[in-house]
Amino acid sequence: MTAPGEAARPKPARRPTIKDIARRAGVSESAVSFALNDRPGVSRDTRARVRRVAEELGWQANSAARALSGERAGALGLVLARPAQTLGVESFFLQLVSGIQEVLSARNIALLFQVVEDLGTECALYRRWWAERRVDGVLVVDPRTEDPRPELLTALGLPAVVIGGPPAPAGAGAHRPGATAAAGAHPDAAAPDAPPPDAAAEPPLATVWADDAKAMARILDHLYALGHRRIVHVAGLPGLAHTERRIRSLRTEAARRGLDERHVHSVTTDYSDAEGAEATRRLLDAARPPTAIIYDNDVMAVAGTAVAAGRGIPVPAALSIVAWDDSALCRVTHPRLTALVRDTPGFGRLAAQELLAVLDGGPHRTVQGELPHLEARESTGPAARD
């Protein structure tokens, strides 16, 4: 008996097969296989006719079957292990993925993206993808200070590029610190005046990284010149390599300027607007609150600005605010927020290009991305006198 509404439900379209192509082209199935896989055994005219028919029928190769036969899967993987509530408000990853996708789409390569709860689940997913040959390689984000992923991926032999990792030691085939590669372009193996790479010391995984230390120095230069001596950094998740680098850099830059570490320090959060706002409330409640706050992303900076406004604290007359990542939010908030401007899509393009280069047989390189510049806007001004 037909269920109610079943008759009206359209049947899914049947995918064309090699047999369908062979029938329409008037050739054998083996000839179709040779033609579609660019193997010898068929004439040029037959190859062209088979491919024309395949295109007319909308035929696509089965990526799983191709992987089992030893061919590439035609996909790269990206796993994100972060609190789910932070993903909808932070623009960084959307911009990063847009840059990655721009490169992959030009090569007709898919991006398999998945969000997981923790690092253990991420590692388990890599093992499954490797066993099932689902991806040809992976892009690894949020490197940790203690990170099991590089060792796991090296053991599996799964090609990878670590995005945001620290530079490799000198002589490890990396660019020398300070030699930047233009975002969006495939950089040379080394800067003209850099020593030749040591192939024997090639890092286990390719890496693209950003110089967080120099970026923090630029922010401190700006705030120090404005007279700020009580500066707090509202950082992101503890344990992330770039979070720890920024915290260390703030401490180093403060010491270099003779600033009191009690008044120049960092606090960690989960990157969300809620924790950014709560951290701001605690800082403003202190006996000697900061005169300037650096936020690790745009969302927290906007939330901090709202907290200050709610308390009647004028920005920048009584409090200066800097966002680590620039975005449309920074430019439409009143006052407009001083921010680090970087080419995040270009960083994604650079990472994708490096992974494709590894898949094509290139070396594992450590490449530095473009150094961001600080865009001074209305949210920073001279420090208020006590």
# chains A, B, ... in the order shown; residues from 1 in each chain; ligands from 1
>>> residues_around(residues="range 255-268 of chain A", least_positions_apart="3", cutoff="7 Å", atoms="only C-alpha atoms", output="VMD selection string")
chain A and resid 229 to 238 247 251 to 252
>>> select_by_dssp(residues="range 58-160 of chain A", states="strand (DSSP E or B)", output="ChimeraX atom specification")
/A:75-81,110-116,137-140,144,160
>>> write_last_selection(atoms="N, CA and C atoms", output="CSV table (one decimal), in the first residue's frame")
chain,number,residue,atom,x,y,z
A,75,ALA,N,40.0,16.1,-1.6
A,75,ALA,CA,39.5,16.9,-0.5
A,75,ALA,C,40.6,17.1,0.5
A,76,LEU,N,40.5,18.2,1.2
A,76,LEU,CA,41.4,18.5,2.4
A,76,LEU,C,40.5,18.7,3.6
A,77,GLY,N,41.0,18.4,4.8
A,77,GLY,CA,40.3,18.5,6.0
A,77,GLY,C,40.7,19.7,6.9
A,78,LEU,N,39.7,20.2,7.6
A,78,LEU,CA,39.9,21.3,8.6
A,78,LEU,C,39.0,21.0,9.8
A,79,VAL,N,39.6,20.8,10.9
A,79,VAL,CA,38.9,20.5,12.1
A,79,VAL,C,39.1,21.6,13.1
A,80,LEU,N,38.0,22.0,13.8
A,80,LEU,CA,38.1,23.1,14.7
A,80,LEU,C,37.6,22.6,16.1
A,81,ALA,N,38.5,22.6,17.1
A,81,ALA,CA,38.1,22.2,18.4
A,81,ALA,C,38.0,23.4,19.3
A,110,ALA,N,37.7,19.9,-2.7
A,110,ALA,CA,36.7,20.2,-1.7
A,110,ALA,C,37.4,20.4,-0.3
A,111,LEU,N,36.7,21.1,0.6
A,111,LEU,CA,37.2,21.3,1.9
A,111,LEU,C,36.2,20.6,2.9
A,112,LEU,N,36.7,19.6,3.6
A,112,LEU,CA,35.8,18.9,4.6
A,112,LEU,C,36.1,19.6,5.9
A,113,PHE,N,35.0,20.3,6.4
A,113,PHE,CA,35.2,21.1,7.7
A,113,PHE,C,34.3,20.4,8.7
A,114,GLN,N,34.9,20.3,10.0
A,114,GLN,CA,34.1,19.7,11.1
A,114,GLN,C,34.5,20.4,12.4
A,115,VAL,N,33.5,20.7,13.2
A,115,VAL,CA,33.7,21.2,14.5
A,115,VAL,C,33.5,20.1,15.6
A,116,VAL,N,34.5,20.0,16.5
A,116,VAL,CA,34.4,18.9,17.5
A,116,VAL,C,34.6,19.6,18.9
A,137,GLY,N,45.0,15.6,2.9
A,137,GLY,CA,45.8,16.3,3.8
A,137,GLY,C,44.9,17.1,4.7
A,138,VAL,N,45.5,17.7,5.7
A,138,VAL,CA,44.7,18.5,6.7
A,138,VAL,C,45.4,19.8,7.0
A,139,LEU,N,44.5,20.8,7.3
A,139,LEU,CA,45.0,22.1,7.8
A,139,LEU,C,44.7,22.2,9.3
A,140,VAL,N,45.8,22.3,10.0
A,140,VAL,CA,45.7,22.3,11.5
A,140,VAL,C,45.7,23.7,12.1
A,144,ARG,N,48.7,24.1,20.0
A,144,ARG,CA,48.8,24.2,21.5
A,144,ARG,C,50.3,24.2,21.9
A,160,ALA,N,50.1,17.7,6.2
A,160,ALA,CA,49.4,18.7,7.0
A,160,ALA,C,50.2,20.0,7.0
>>> closest_residue(among="A:Leu96, A:Ala303, A:Ala328, A:Val341", to="Val141 in chain A", atoms="only C-alpha atoms")
A:Leu96
>>> residues_around(residues="Ala301 in chain A", least_positions_apart="4", cutoff="10 Å", atoms="only C-alpha atoms", output="list in words")
Val234, Asp273, Gly276, Ala277, Thr280, Ile293, Ile294, Tyr295, Asp296, Asn297, Thr305, Ala306, Val307, Ile321, Val322, Ala323, Trp324, Asp325, Leu329, Cys330, Thr333, Leu337, Thr338 and Ala339 of chain A
>>> residues_around(residues="Ala48 in chain A", least_positions_apart="6", cutoff="10 Å", atoms="only C-alpha atoms", output="mmCIF file with N, CA, C and O atoms, in the first residue's frame")
data_model
loop_
_atom_site.group_PDB
_atom_site.id
_atom_site.type_symbol
_atom_site.label_atom_id
_atom_site.label_comp_id
_atom_site.auth_asym_id
_atom_site.auth_seq_id
_atom_site.Cartn_x
_atom_site.Cartn_y
_atom_site.Cartn_z
ATOM 1 N N ALA A 35 39.385 6.432 -21.052
ATOM 2 C CA ALA A 35 39.246 7.819 -21.480
ATOM 3 C C ALA A 35 39.117 8.777 -20.292
ATOM 4 O O ALA A 35 39.756 9.824 -20.253
ATOM 5 N N LEU A 36 38.293 8.403 -19.313
ATOM 6 C CA LEU A 36 38.046 9.286 -18.174
ATOM 7 C C LEU A 36 39.245 9.372 -17.243
ATOM 8 O O LEU A 36 39.438 10.383 -16.543
ATOM 9 N N VAL A 42 42.899 4.175 -25.973
ATOM 10 C CA VAL A 42 41.800 4.672 -26.805
ATOM 11 C C VAL A 42 42.335 5.806 -27.667
ATOM 12 O O VAL A 42 43.312 6.476 -27.319
ATOM 13 N N ALA A 54 30.170 12.315 -21.021
ATOM 14 C CA ALA A 54 30.188 12.338 -19.555
ATOM 15 C C ALA A 54 29.747 13.699 -19.032
ATOM 16 O O ALA A 54 28.984 13.789 -18.057
#
